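Data from entry12.cif: mmCIF, C-alpha atoms
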data_my_file
#
loop_
_atom_site.label_atom_id
_atom_site.label_comp_id
_atom_site.auth_asym_id
_atom_site.auth_seq_id
_atom_site.Cartn_x
_atom_site.Cartn_y
_atom_site.Cartn_z
CA MET A 18 -36.47 49.43 -29.44
CA LYS A 19 -39.40 48.87 -27.03
CA THR A 20 -39.95 45.43 -28.52
CA SER A 21 -36.34 44.60 -27.84
CA LYS A 22 -36.69 45.64 -24.16
CA LYS A 23 -39.87 43.58 -23.79
CA THR A 24 -38.13 40.62 -25.37
CA GLY A 25 -35.20 41.02 -22.97
CA ARG A 26 -37.50 41.19 -19.94
CA SER A 27 -39.37 38.12 -21.23
CA MET A 28 -36.14 36.18 -21.60
CA LYS A 29 -35.09 37.14 -18.08
CA LYS A 30 -38.44 35.95 -16.70
CA THR A 31 -38.10 32.69 -18.63
CA PHE A 32 -34.56 32.16 -17.35
CA CYS A 33 -35.59 32.87 -13.74
CA LEU A 34 -38.54 30.50 -14.04
CA PHE A 35 -36.24 27.81 -15.46
CA LEU A 36 -33.75 28.38 -12.64
CA ILE A 37 -36.46 28.10 -9.99
CA LEU A 38 -37.74 24.90 -11.57
CA TRP A 39 -34.21 23.48 -11.89
CA ILE A 40 -33.52 24.13 -8.19
CA SER A 41 -36.91 22.94 -6.98
CA VAL A 42 -37.03 19.68 -8.94
CA PRO A 43 -34.52 17.79 -6.76
CA ILE A 44 -36.09 19.30 -3.63
CA TYR A 45 -39.51 18.26 -4.82
CA GLY A 46 -38.11 14.82 -5.70
CA GLN A 47 -36.55 14.41 -2.28
CA GLU A 48 -39.75 15.52 -0.57
CA ASN A 49 -41.70 12.89 -2.47
CA ARG A 50 -39.32 10.03 -1.76
CA SER A 51 -40.30 7.71 1.04
CA SER A 52 -38.20 7.30 4.17
CA ASP A 53 -37.22 3.82 2.97
CA GLU A 54 -35.98 5.20 -0.34
CA LEU A 55 -34.00 7.91 1.44
CA PHE A 56 -32.56 5.27 3.80
CA VAL A 57 -31.38 3.19 0.83
CA GLU A 58 -29.75 6.28 -0.71
CA ALA A 59 -28.11 7.17 2.60
CA ARG A 60 -26.57 3.71 2.84
CA HIS A 61 -25.37 3.93 -0.74
CA ALA A 62 -23.78 7.32 -0.06
CA ALA A 63 -22.02 5.95 3.02
CA PHE A 64 -20.84 2.56 1.78
CA GLN A 65 -20.39 3.07 -1.94
CA GLU A 66 -19.52 6.76 -2.23
CA LYS A 67 -17.84 7.07 1.21
CA ASN A 68 -19.64 10.42 1.49
CA TYR A 69 -20.70 10.65 5.13
CA PRO A 70 -21.99 14.27 5.05
CA LYS A 71 -24.33 13.40 2.18
CA SER A 72 -25.43 10.24 3.95
CA ILE A 73 -26.13 12.18 7.16
CA ASP A 74 -28.31 14.69 5.27
CA LEU A 75 -30.28 11.89 3.62
CA ALA A 76 -30.73 10.07 6.95
CA LYS A 77 -31.99 13.28 8.57
CA SER A 78 -34.46 13.82 5.72
CA ALA A 79 -35.71 10.26 6.18
CA LEU A 80 -36.19 10.84 9.91
CA GLN A 81 -38.19 14.00 9.23
CA LYS A 82 -40.66 11.78 7.41
CA SER A 83 -40.48 8.91 9.92
CA PRO A 84 -39.18 10.18 13.30
CA ASP A 85 -39.72 6.79 14.97
CA TYR A 86 -37.83 4.78 12.33
CA THR A 87 -35.36 3.10 14.69
CA ASP A 88 -33.06 1.57 12.06
CA ILE A 89 -32.44 4.98 10.48
CA SER A 90 -31.71 6.57 13.86
CA ILE A 91 -29.21 3.82 14.68
CA PHE A 92 -27.61 4.31 11.26
CA LEU A 93 -27.40 8.06 11.83
CA GLY A 94 -25.66 7.44 15.16
CA ARG A 95 -23.18 5.16 13.41
CA LEU A 96 -22.57 7.82 10.75
CA TYR A 97 -21.69 10.37 13.41
CA THR A 98 -19.41 7.78 15.04
CA TRP A 99 -17.60 7.10 11.76
CA SER A 100 -17.34 10.85 11.17
CA ASP A 101 -15.50 11.25 14.49
CA ASN A 102 -18.35 13.20 16.05
CA PRO A 103 -19.04 11.26 19.28
CA ALA A 104 -21.10 14.08 20.84
CA ALA A 105 -23.64 13.99 18.00
CA ALA A 106 -23.64 10.19 18.04
CA ARG A 107 -24.35 10.10 21.78
CA GLU A 108 -27.22 12.55 21.34
CA VAL A 109 -28.83 10.19 18.84
CA PHE A 110 -28.19 7.08 20.92
CA GLU A 111 -29.36 8.67 24.18
CA GLY A 112 -32.60 9.65 22.46
CA LEU A 113 -33.10 6.02 21.46
CA ASP A 114 -32.28 4.88 24.99
CA GLN A 115 -34.93 7.20 26.39
CA ARG A 116 -37.43 5.57 24.04
CA ASN A 117 -36.49 2.19 25.61
CA VAL A 118 -35.34 0.76 22.28
CA GLU A 119 -34.50 -2.94 22.56
CA ASP A 120 -32.93 -3.60 19.12
CA VAL A 121 -29.66 -5.52 19.30
CA ASP A 122 -28.10 -3.21 16.68
CA PHE A 123 -28.74 -0.23 18.96
CA PHE A 124 -26.78 -1.76 21.83
CA ILE A 125 -23.96 -2.84 19.51
CA ALA A 126 -23.70 0.62 17.95
CA TYR A 127 -23.88 2.56 21.23
CA ALA A 128 -21.53 0.22 23.13
CA SER A 129 -19.06 0.26 20.22
CA LEU A 130 -18.99 4.07 20.31
CA GLU A 131 -18.04 4.03 24.00
CA TYR A 132 -15.55 1.18 23.47
CA TRP A 133 -13.73 3.02 20.66
CA ASN A 134 -13.54 6.10 22.89
CA ASP A 135 -12.05 4.06 25.79
CA HIS A 136 -15.14 4.40 28.01
CA TYR A 137 -15.00 0.74 28.99
CA GLU A 138 -17.38 0.77 31.98
CA LYS A 139 -20.09 2.58 30.01
CA SER A 140 -19.61 0.17 27.10
CA ILE A 141 -19.93 -2.90 29.36
CA ALA A 142 -23.08 -1.47 30.96
CA LEU A 143 -24.66 -1.07 27.53
CA VAL A 144 -23.56 -4.55 26.42
CA ASP A 145 -24.99 -6.14 29.58
CA LYS A 146 -28.26 -4.28 29.09
CA GLY A 147 -28.42 -5.54 25.51
CA LEU A 148 -27.63 -9.10 26.61
CA GLY A 149 -30.59 -8.86 28.98
CA PHE A 150 -32.80 -8.66 25.89
CA HIS A 151 -30.61 -10.80 23.59
CA PRO A 152 -28.65 -13.31 25.73
CA ASP A 153 -27.51 -15.34 22.69
CA SER A 154 -26.21 -12.43 20.62
CA GLU A 155 -22.77 -13.43 19.30
CA ASP A 156 -21.96 -9.83 18.38
CA LEU A 157 -22.69 -8.53 21.86
CA LEU A 158 -20.71 -11.34 23.51
CA LEU A 159 -17.75 -10.74 21.21
CA LEU A 160 -17.87 -7.01 21.90
CA LYS A 161 -18.01 -7.71 25.64
CA ALA A 162 -14.92 -9.91 25.37
CA LYS A 163 -13.08 -7.23 23.39
CA VAL A 164 -13.93 -4.48 25.87
CA TYR A 165 -12.78 -6.52 28.86
CA ASN A 166 -9.63 -7.57 27.00
CA SER A 167 -8.77 -3.96 26.19
CA ASN A 168 -9.32 -3.07 29.85
CA ASN A 169 -6.93 -5.88 30.92
CA LYS A 170 -9.76 -7.81 32.62
CA PHE A 171 -8.77 -11.11 31.04
CA ALA A 172 -10.80 -13.45 33.26
CA GLU A 173 -14.03 -11.62 32.40
CA SER A 174 -13.03 -11.50 28.73
CA GLU A 175 -12.36 -15.24 28.71
CA GLN A 176 -15.75 -15.93 30.30
CA ALA A 177 -17.55 -13.93 27.59
CA VAL A 178 -15.67 -15.51 24.70
CA LEU A 179 -16.15 -19.04 26.06
CA LYS A 180 -19.91 -18.47 26.23
CA LEU A 181 -19.80 -17.28 22.62
CA LEU A 182 -17.83 -20.38 21.55
CA GLU A 183 -20.40 -22.58 23.28
CA LEU A 184 -23.05 -20.97 21.08
CA ASN A 185 -20.90 -21.09 17.93
CA PRO A 186 -17.59 -22.99 18.04
CA LYS A 187 -16.93 -21.90 14.45
CA ASN A 188 -16.66 -18.18 15.21
CA THR A 189 -13.11 -17.51 13.95
CA GLU A 190 -12.76 -14.06 15.51
CA ALA A 191 -13.73 -15.46 18.91
CA ARG A 192 -11.22 -18.29 18.55
CA SER A 193 -8.45 -15.84 17.69
CA LEU A 194 -9.32 -13.62 20.66
CA TYR A 195 -9.48 -16.66 22.96
CA ALA A 196 -5.96 -17.69 21.90
CA ARG A 197 -4.64 -14.21 22.75
CA ILE A 198 -6.45 -14.24 26.10
CA LYS A 199 -5.00 -17.65 27.00
CA GLU A 200 -1.52 -16.31 26.34
CA LEU A 201 -2.19 -13.58 28.89
CA THR A 202 -4.05 -15.63 31.50
CA SER A 203 -1.72 -18.65 31.33
CA LYS A 204 1.53 -17.01 32.37
CA ASN A 205 3.66 -20.13 31.87
CA ALA A 206 3.88 -23.04 29.47
CA LEU A 207 6.24 -26.01 29.26
CA GLY A 208 6.60 -27.83 25.97
CA ILE A 209 8.34 -30.89 24.59
CA SER A 210 8.52 -32.02 20.97
CA TYR A 211 10.19 -34.77 18.97
CA ASP A 212 11.01 -34.70 15.25
CA PHE A 213 12.05 -37.75 13.24
CA SER A 214 13.41 -37.63 9.67
CA HIS A 215 13.97 -40.60 7.37
CA PHE A 216 15.82 -40.42 4.03
CA ASP A 217 15.58 -43.07 1.34
CA LYS A 218 18.80 -42.10 -0.51
CA GLN A 219 20.46 -38.92 0.69
CA PHE A 220 21.64 -40.10 4.13
CA ASP A 221 22.10 -43.52 5.68
CA ASP A 222 21.09 -42.47 9.18
CA ASN A 223 17.79 -41.13 10.42
CA TRP A 224 17.68 -37.74 12.12
CA HIS A 225 16.28 -37.12 15.60
CA ILE A 226 15.55 -33.77 17.25
CA LEU A 227 14.26 -33.39 20.81
CA SER A 228 13.20 -29.90 21.96
CA LEU A 229 12.29 -28.51 25.37
CA SER A 230 10.73 -25.06 25.73
CA TYR A 231 9.55 -22.70 28.43
CA LYS A 232 7.24 -19.77 27.65
CA ARG A 233 6.58 -16.87 29.99
CA THR A 234 3.92 -14.27 29.27
CA THR A 235 4.84 -10.71 30.24
CA PRO A 236 2.84 -7.46 30.07
CA ILE A 237 4.47 -6.61 26.72
CA GLY A 238 4.31 -10.08 25.17
CA SER A 239 5.57 -13.63 25.51
CA VAL A 240 9.20 -14.80 25.81
CA ILE A 241 10.29 -18.35 24.94
CA LEU A 242 13.48 -20.21 25.87
CA LYS A 243 14.36 -23.39 23.95
CA ALA A 244 16.95 -26.13 24.14
CA ASN A 245 17.26 -28.44 21.12
CA TYR A 246 19.15 -31.74 21.03
CA ALA A 247 19.78 -33.31 17.62
CA ASN A 248 21.34 -36.43 16.20
CA LYS A 249 22.15 -35.77 12.53
CA PHE A 250 24.75 -37.35 10.28
CA ALA A 251 25.34 -39.84 13.14
CA GLU A 252 26.56 -36.95 15.33
CA ASN A 253 25.07 -35.20 18.35
CA GLY A 254 24.66 -31.49 18.99
CA MET A 255 22.84 -28.90 21.08
CA GLN A 256 21.27 -25.55 20.21
CA PHE A 257 19.92 -22.85 22.52
CA GLU A 258 17.34 -20.29 21.40
CA MET A 259 15.42 -17.33 22.73
CA GLU A 260 12.31 -15.86 21.06
CA ALA A 261 9.98 -13.02 21.94
CA TYR A 262 6.66 -11.67 20.62
CA PRO A 263 6.42 -8.05 21.86
CA ARG A 264 3.12 -6.23 21.27
CA LEU A 265 3.48 -2.77 19.76
CA SER A 266 -0.21 -1.82 19.56
CA LYS A 267 -3.64 -3.35 19.03
CA THR A 268 -2.70 -3.78 15.37
CA PHE A 269 1.01 -4.59 15.36
CA TYR A 270 3.26 -7.05 17.14
CA MET A 271 6.71 -8.46 16.43
CA TYR A 272 8.71 -11.64 16.45
CA VAL A 273 12.41 -11.49 17.37
CA GLY A 274 14.62 -14.52 17.84
CA ALA A 275 18.22 -15.61 18.22
CA GLY A 276 20.02 -18.93 18.63
CA TYR A 277 23.50 -20.36 19.20
CA SER A 278 25.08 -23.77 18.74
CA GLY A 279 28.60 -25.11 19.11
CA ALA A 280 27.72 -28.03 16.85
CA VAL A 281 28.08 -26.25 13.52
CA GLY A 282 26.68 -28.34 10.68
CA ILE A 283 24.12 -30.05 12.86
CA PHE A 284 22.79 -26.58 13.64
CA PRO A 285 23.84 -23.16 12.39
CA LYS A 286 26.38 -21.51 14.70
CA PHE A 287 24.15 -18.44 14.95
CA ARG A 288 20.65 -17.73 13.85
CA THR A 289 18.67 -14.50 14.09
CA GLY A 290 15.28 -13.36 12.87
CA ALA A 291 12.67 -10.66 13.14
CA SER A 292 9.19 -10.08 11.71
CA LEU A 293 6.55 -7.40 11.96
CA TYR A 294 2.97 -8.73 12.11
CA ALA A 295 -0.22 -6.78 11.51
CA ASN A 296 -3.81 -7.72 12.40
CA LEU A 297 -5.59 -6.34 9.33
CA PRO A 298 -9.29 -5.62 8.71
CA LYS A 299 -11.71 -8.36 7.63
CA SER A 300 -9.80 -11.12 9.48
CA PHE A 301 -6.61 -10.72 7.43
CA GLU A 302 -3.13 -10.76 8.92
CA GLY A 303 0.21 -9.94 7.35
CA GLU A 304 3.91 -10.39 8.09
CA ILE A 305 7.21 -9.16 6.71
CA GLY A 306 10.66 -9.97 8.09
CA PHE A 307 13.99 -11.76 7.74
CA ARG A 308 15.85 -14.87 8.93
CA GLN A 309 19.63 -15.18 9.07
CA LEU A 310 21.63 -18.42 9.47
CA TYR A 311 25.39 -18.48 9.95
CA PHE A 312 27.35 -21.66 9.32
CA SER A 313 30.74 -20.72 7.81
CA ASN A 314 29.11 -17.66 6.26
CA SER A 315 25.74 -15.94 6.56
CA ILE A 316 22.63 -16.88 4.64
CA TRP A 317 19.99 -14.14 4.58
CA MET A 318 16.39 -15.06 3.87
CA TYR A 319 13.59 -12.52 3.59
CA THR A 320 10.05 -13.61 4.35
CA ALA A 321 6.51 -12.35 3.88
CA SER A 322 3.14 -13.95 4.52
CA ILE A 323 -0.55 -13.17 4.30
CA GLY A 324 -3.26 -14.98 6.25
CA LYS A 325 -7.04 -14.94 6.23
CA TYR A 326 -9.70 -16.37 8.54
CA TYR A 327 -12.88 -17.52 6.81
CA LYS A 328 -15.56 -19.37 8.78
CA ASN A 329 -13.87 -22.57 10.10
CA PHE A 330 -10.77 -22.07 7.96
CA TRP A 331 -7.48 -20.22 8.17
CA PHE A 332 -5.50 -19.76 4.97
CA ASN A 333 -1.86 -18.68 4.86
CA LEU A 334 0.65 -18.18 2.07
CA ARG A 335 4.32 -17.68 2.99
CA THR A 336 7.41 -17.06 0.90
CA TYR A 337 11.14 -17.01 1.61
CA ILE A 338 13.43 -15.14 -0.76
CA THR A 339 17.17 -15.88 -0.58
CA PRO A 340 19.42 -13.65 -2.68
CA GLY A 341 22.51 -15.27 -4.19
CA ASN A 342 25.46 -14.36 -6.37
CA GLU A 343 23.93 -15.91 -9.47
CA ASN A 344 20.20 -16.16 -8.76
CA ILE A 345 17.50 -15.68 -6.18
CA SER A 346 16.15 -18.78 -4.46
CA GLN A 347 12.44 -18.78 -3.67
CA SER A 348 10.35 -20.89 -1.33
CA TYR A 349 6.55 -20.91 -1.17
CA THR A 350 4.29 -22.68 1.30
CA GLY A 351 0.50 -22.69 1.47
CA THR A 352 -1.18 -23.76 4.71
CA VAL A 353 -4.85 -24.42 5.46
CA ARG A 354 -6.30 -25.06 8.89
CA TYR A 355 -9.78 -26.34 9.65
CA TYR A 356 -10.85 -25.54 13.22
CA THR A 357 -13.01 -28.09 15.00
CA LYS A 358 -13.53 -26.31 18.33
CA GLY A 359 -11.31 -23.72 19.98
CA ALA A 360 -8.18 -21.92 18.81
CA ASN A 361 -5.97 -24.94 19.54
CA ASP A 362 -8.14 -27.61 17.92
CA TYR A 363 -7.67 -27.97 14.18
CA PHE A 364 -6.59 -30.09 11.24
CA SER A 365 -3.87 -28.64 9.02
CA PHE A 366 -2.70 -29.24 5.46
CA GLN A 367 0.45 -27.89 3.85
CA LEU A 368 1.79 -27.79 0.31
CA GLY A 369 4.92 -26.03 -0.88
CA THR A 370 8.26 -25.84 -2.60
CA GLY A 371 11.72 -25.00 -1.28
CA ILE A 372 13.29 -25.20 2.19
CA SER A 373 12.20 -23.13 5.16
CA PRO A 374 14.67 -22.09 7.90
CA GLU A 375 12.12 -23.31 10.47
CA GLU A 376 12.15 -26.90 9.18
CA SER A 377 14.30 -29.75 10.46
CA ILE A 378 16.26 -29.85 7.20
CA ASN A 379 17.49 -26.26 7.55
CA SER A 380 21.01 -27.55 8.24
CA LEU A 381 21.13 -28.45 4.55
CA LEU A 382 21.08 -24.75 3.73
CA GLN A 383 24.82 -24.53 4.35
CA ASN A 384 25.65 -26.49 1.19
CA GLU A 385 23.29 -24.46 -1.02
CA THR A 386 20.83 -27.35 -1.33
CA TYR A 387 18.12 -24.71 -1.10
CA LYS A 388 18.99 -23.66 -4.66
CA LEU A 389 17.85 -27.07 -5.93
CA LYS A 390 14.25 -28.13 -6.30
CA THR A 391 12.30 -29.33 -3.26
CA TYR A 392 8.59 -30.12 -3.07
CA LYS A 393 6.69 -30.92 0.10
CA ILE A 394 3.26 -31.94 1.27
CA GLY A 395 2.14 -32.41 4.85
CA ALA A 396 -0.78 -32.74 7.24
CA GLY A 397 -1.29 -32.45 10.98
CA TYR A 398 -3.75 -32.48 13.85
CA SER A 399 -3.69 -30.33 17.00
CA PHE A 400 -6.07 -30.67 19.92
CA SER A 401 -6.49 -29.61 23.54
CA ILE A 402 -7.64 -31.40 26.68
CA ASN A 403 -9.05 -29.51 29.67
CA LYS A 404 -8.01 -26.20 28.07
CA MET A 405 -4.47 -26.48 29.51
CA ASN A 406 -3.00 -29.48 27.70
CA PHE A 407 -2.13 -29.13 24.01
CA PHE A 408 -1.10 -31.98 21.72
CA SER A 409 0.07 -31.99 18.11
CA ILE A 410 1.05 -34.57 15.51
CA SER A 411 2.14 -33.97 11.93
CA ALA A 412 3.79 -35.66 8.97
CA THR A 413 5.54 -34.11 5.97
CA TYR A 414 6.86 -35.68 2.78
CA PHE A 415 9.72 -34.03 0.86
CA ASN A 416 10.79 -34.81 -2.68
CA GLN A 417 14.19 -33.17 -2.79
CA GLU A 418 16.79 -32.64 -5.48
CA TYR A 419 19.82 -33.05 -3.21
CA ARG A 420 22.23 -33.05 -6.17
CA PRO A 421 21.60 -31.63 -9.65
CA TYR A 422 19.16 -33.96 -11.42
CA THR A 423 19.27 -36.44 -8.50
CA LYS A 424 16.22 -36.65 -6.28
CA GLY A 425 15.46 -38.41 -3.04
CA SER A 426 12.59 -38.66 -0.60
CA GLN A 427 12.41 -37.56 3.02
CA ILE A 428 9.65 -38.20 5.57
CA ASP A 429 9.33 -36.07 8.71
CA LEU A 430 7.19 -37.02 11.69
CA SER A 431 6.59 -34.64 14.58
CA LEU A 432 4.97 -35.01 18.00
CA GLY A 433 4.42 -32.23 20.52
CA TYR A 434 2.92 -31.60 23.94
CA THR A 435 2.51 -28.31 25.85
CA ARG A 436 1.23 -27.77 29.36
CA ALA A 437 0.00 -24.28 30.24
CA PHE A 438 -0.21 -23.13 33.85
#
Turn this file's structure into structure tokens for me.
Amino acid sequence: MKTSKKTGRSMKKTFCLFLILWISVPIYGQENRSSDELFVEARHAAFQEKNYPKSIDLAKSALQKSPDYTDISIFLGRLYTWSDNPAAAREVFEGLDQRNVEDVDFFIAYASLEYWNDHYEKSIALVDKGLGFHPDSEDLLLLKAKVYNSNNKFAESEQAVLKLLELNPKNTEARSLYARIKELTSKNALGISYDFSHFDKQFDDNWHILSLSYKRTTPIGSVILKANYANKFAENGMQFEMEAYPRLSKTFYMYVGAGYSGAVGIFPKFRTGASLYANLPKSFEGEIGFRQLYFSNSIWMYTASIGKYYKNFWFNLRTYITPGNENISQSYTGTVRYYTKGANDYFSFQLGTGISPEESINSLLQNETYKLKTYKIGAGYSFSINKMNFFSISATYFNQEYRPYTKGSQIDLSLGYTRAF
């Protein structure tokens, strides 16, 4: 009986010793890891595991070993920012500021915190201080442009983004921001365009379309008025359109449009359309919407697109889906742009199948030509002069099945000029 009690006490001691060792091993391991190793683990916990509390604990442990390790302190401040704890983030960043840290990442992180919390003046002060040490920092210049843009100081935003584009004309995010700024700073724009279509078999006469447009930028987005004159099928006709691009938030904006024509056949009698656009993370953008054309009856077309900026390129894939009584017609178009300078200077290339309601041949939709096979390939060039004059030229070739098993060719040429003021 005594032996049994001794054995029990011995087992309890062994178990307690094992428990102490089991608990102390990771603590001992963490104490013996270097600050660099803990920093690597903190980054892994944040970016791979999405575990910010764990990452914060690891970053703090690393700073206990190396209190003056600036990169870890900046990372800790970012972690607090991402965890929606601006007070803790500011405490970290203010400590770095008192140490007169000059790292560009510090100014980007601290200024971004204030920008995301709508403290625009504080953010600009931090950006300007950082630019004093790093005048050619693209990230700081882009952040400065964003802050001013969000604070409706478009002239200052334009100045910052233009300096960035002088340093790197290929910065796609800066080009996109510059285009949005120009829409806000240039309140008005007048445009004229001419489209010419030649058919080898389908029609004897060439088509001509002349368009005049006026765009006015308002606080909630731009509004466009258009008048289109066309000569098709050896007949003349006019169409009047109105389009708008209201902004809903920093992420979302819309397209809404309507048109009317008394020359049914040359143009649809009525046309309407709407799309919701989203500026997505990592330079993606998306759209979903509809287009409706009414000749003698309505044709409904549903559209979706996805775009992506990558270095000098912009890629876009768009589809139109048209439900029918017997089948569903589908149109797909892929577009690539290569930017040479600013947002309005680029080469474009297009490849697709089917008919789009935005193209000059959309009047063919009334006779269900869209249900037949159409292939297209095109290219264009757009450029600006003195930042206020915009020119465009493009050509598109269509191989179209205009009757079952009967194909013909069509060539479209387009010229355009817009003056902003």
Near Ala291 (chain A), counting all atoms listed in the file, which residues have an atom at most 7 Å away, once you skip same-chain residues fewer than 6 positions from it, shown as a ChimeraX atom specification?
/A:272-274,306-308
Counting only C-alpha atoms, what are the residues of region 198-262 of chain A within 12 Å of region 403-419 of chain A, and for each of them which pair of atoms is the nearest and at what distance in Å, to one decimal? Sort the table by chain and rising number, as a tab-separated table.
residue	atom	partner	partner_atom	distance
A:Lys199	CA	A:Lys404	CA	9.1
A:Glu200	CA	A:Met405	CA	11.1
A:Thr202	CA	A:Met405	CA	11.0
A:Ser203	CA	A:Met405	CA	8.5
A:Lys204	CA	A:Met405	CA	11.6
A:Asn205	CA	A:Met405	CA	10.6
A:Ala206	CA	A:Met405	CA	9.0
A:Leu207	CA	A:Asn406	CA	10.0
A:Gly208	CA	A:Phe407	CA	9.0
A:Ile209	CA	A:Phe408	CA	9.9
A:Ser210	CA	A:Ser409	CA	8.9
A:Tyr211	CA	A:Ile410	CA	9.8
A:Asp212	CA	A:Ser411	CA	9.5
A:Phe213	CA	A:Ala412	CA	9.5
A:Ser214	CA	A:Thr413	CA	9.4
A:His215	CA	A:Tyr414	CA	9.8
A:Phe216	CA	A:Phe415	CA	9.4
A:Asp217	CA	A:Asn416	CA	10.4
A:Lys218	CA	A:Tyr419	CA	9.5
A:Gln219	CA	A:Tyr419	CA	7.1
A:Phe220	CA	A:Tyr419	CA	10.3
Just-selected residues, C-alpha atoms written as an mmCIF file, keeping the file's coordinate frame:
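This is the output file result-v1.cif:
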data_model
loop_
_atom_site.group_PDB
_atom_site.id
_atom_site.type_symbol
_atom_site.label_atom_id
_atom_site.label_comp_id
_atom_site.auth_asym_id
_atom_site.auth_seq_id
_atom_site.Cartn_x
_atom_site.Cartn_y
_atom_site.Cartn_z
ATOM 1 C CA LYS A 199 -5.000 -17.650 27.000
ATOM 2 C CA GLU A 200 -1.520 -16.310 26.340
ATOM 3 C CA THR A 202 -4.050 -15.630 31.500
ATOM 4 C CA SER A 203 -1.720 -18.650 31.330
ATOM 5 C CA LYS A 204 1.530 -17.010 32.370
ATOM 6 C CA ASN A 205 3.660 -20.130 31.870
ATOM 7 C CA ALA A 206 3.880 -23.040 29.470
ATOM 8 C CA LEU A 207 6.240 -26.010 29.260
ATOM 9 C CA GLY A 208 6.600 -27.830 25.970
ATOM 10 C CA ILE A 209 8.340 -30.890 24.590
ATOM 11 C CA SER A 210 8.520 -32.020 20.970
ATOM 12 C CA TYR A 211 10.190 -34.770 18.970
ATOM 13 C CA ASP A 212 11.010 -34.700 15.250
ATOM 14 C CA PHE A 213 12.050 -37.750 13.240
ATOM 15 C CA SER A 214 13.410 -37.630 9.670
ATOM 16 C CA HIS A 215 13.970 -40.600 7.370
ATOM 17 C CA PHE A 216 15.820 -40.420 4.030
ATOM 18 C CA ASP A 217 15.580 -43.070 1.340
ATOM 19 C CA LYS A 218 18.800 -42.100 -0.510
ATOM 20 C CA GLN A 219 20.460 -38.920 0.690
ATOM 21 C CA PHE A 220 21.640 -40.100 4.130
#
Interatomic distance between CA of Leu432 (chain A) and CA of Arg354 (chain A)?
17.6 Å
Picked residues, the PyMOL selection byres ((chain A and resi 73) around 12), expected as an mmCIF file with C-alpha atoms, in the frame of the given file:
data_model
loop_
_atom_site.group_PDB
_atom_site.id
_atom_site.type_symbol
_atom_site.label_atom_id
_atom_site.label_comp_id
_atom_site.auth_asym_id
_atom_site.auth_seq_id
_atom_site.Cartn_x
_atom_site.Cartn_y
_atom_site.Cartn_z
ATOM 1 C CA LEU A 55 -34.000 7.910 1.440
ATOM 2 C CA PHE A 56 -32.560 5.270 3.800
ATOM 3 C CA GLU A 58 -29.750 6.280 -0.710
ATOM 4 C CA ALA A 59 -28.110 7.170 2.600
ATOM 5 C CA ARG A 60 -26.570 3.710 2.840
ATOM 6 C CA HIS A 61 -25.370 3.930 -0.740
ATOM 7 C CA ALA A 62 -23.780 7.320 -0.060
ATOM 8 C CA ALA A 63 -22.020 5.950 3.020
ATOM 9 C CA LYS A 67 -17.840 7.070 1.210
ATOM 10 C CA ASN A 68 -19.640 10.420 1.490
ATOM 11 C CA TYR A 69 -20.700 10.650 5.130
ATOM 12 C CA PRO A 70 -21.990 14.270 5.050
ATOM 13 C CA LYS A 71 -24.330 13.400 2.180
ATOM 14 C CA SER A 72 -25.430 10.240 3.950
ATOM 15 C CA ASP A 74 -28.310 14.690 5.270
ATOM 16 C CA LEU A 75 -30.280 11.890 3.620
ATOM 17 C CA ALA A 76 -30.730 10.070 6.950
ATOM 18 C CA LYS A 77 -31.990 13.280 8.570
ATOM 19 C CA SER A 78 -34.460 13.820 5.720
ATOM 20 C CA ALA A 79 -35.710 10.260 6.180
ATOM 21 C CA LEU A 80 -36.190 10.840 9.910
ATOM 22 C CA ILE A 89 -32.440 4.980 10.480
ATOM 23 C CA SER A 90 -31.710 6.570 13.860
ATOM 24 C CA ILE A 91 -29.210 3.820 14.680
ATOM 25 C CA PHE A 92 -27.610 4.310 11.260
ATOM 26 C CA LEU A 93 -27.400 8.060 11.830
ATOM 27 C CA GLY A 94 -25.660 7.440 15.160
ATOM 28 C CA ARG A 95 -23.180 5.160 13.410
ATOM 29 C CA LEU A 96 -22.570 7.820 10.750
ATOM 30 C CA TYR A 97 -21.690 10.370 13.410
ATOM 31 C CA THR A 98 -19.410 7.780 15.040
ATOM 32 C CA TRP A 99 -17.600 7.100 11.760
ATOM 33 C CA SER A 100 -17.340 10.850 11.170
ATOM 34 C CA ASN A 102 -18.350 13.200 16.050
ATOM 35 C CA ALA A 105 -23.640 13.990 18.000
ATOM 36 C CA ALA A 106 -23.640 10.190 18.040
#
On this file, the PyMOL selection byres ((chain A and resi 398) around 12) gives some set of residues; write that set as a short mmCIF file (atom, residue, chain, number, x, y, z; two decimals) with C-alpha atoms, in the coordinates of the input.
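Printed below is part.cif as written:
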data_model
loop_
_atom_site.label_atom_id
_atom_site.label_comp_id
_atom_site.auth_asym_id
_atom_site.auth_seq_id
_atom_site.Cartn_x
_atom_site.Cartn_y
_atom_site.Cartn_z
CA VAL A 353 -4.85 -24.42 5.46
CA ARG A 354 -6.30 -25.06 8.89
CA TYR A 355 -9.78 -26.34 9.65
CA TYR A 356 -10.85 -25.54 13.22
CA THR A 357 -13.01 -28.09 15.00
CA ASN A 361 -5.97 -24.94 19.54
CA ASP A 362 -8.14 -27.61 17.92
CA TYR A 363 -7.67 -27.97 14.18
CA PHE A 364 -6.59 -30.09 11.24
CA SER A 365 -3.87 -28.64 9.02
CA PHE A 366 -2.70 -29.24 5.46
CA GLN A 367 0.45 -27.89 3.85
CA GLY A 395 2.14 -32.41 4.85
CA ALA A 396 -0.78 -32.74 7.24
CA GLY A 397 -1.29 -32.45 10.98
CA SER A 399 -3.69 -30.33 17.00
CA PHE A 400 -6.07 -30.67 19.92
CA SER A 401 -6.49 -29.61 23.54
CA PHE A 407 -2.13 -29.13 24.01
CA PHE A 408 -1.10 -31.98 21.72
CA SER A 409 0.07 -31.99 18.11
CA ILE A 410 1.05 -34.57 15.51
CA SER A 411 2.14 -33.97 11.93
CA ALA A 412 3.79 -35.66 8.97
CA SER A 431 6.59 -34.64 14.58
CA LEU A 432 4.97 -35.01 18.00
CA GLY A 433 4.42 -32.23 20.52
#
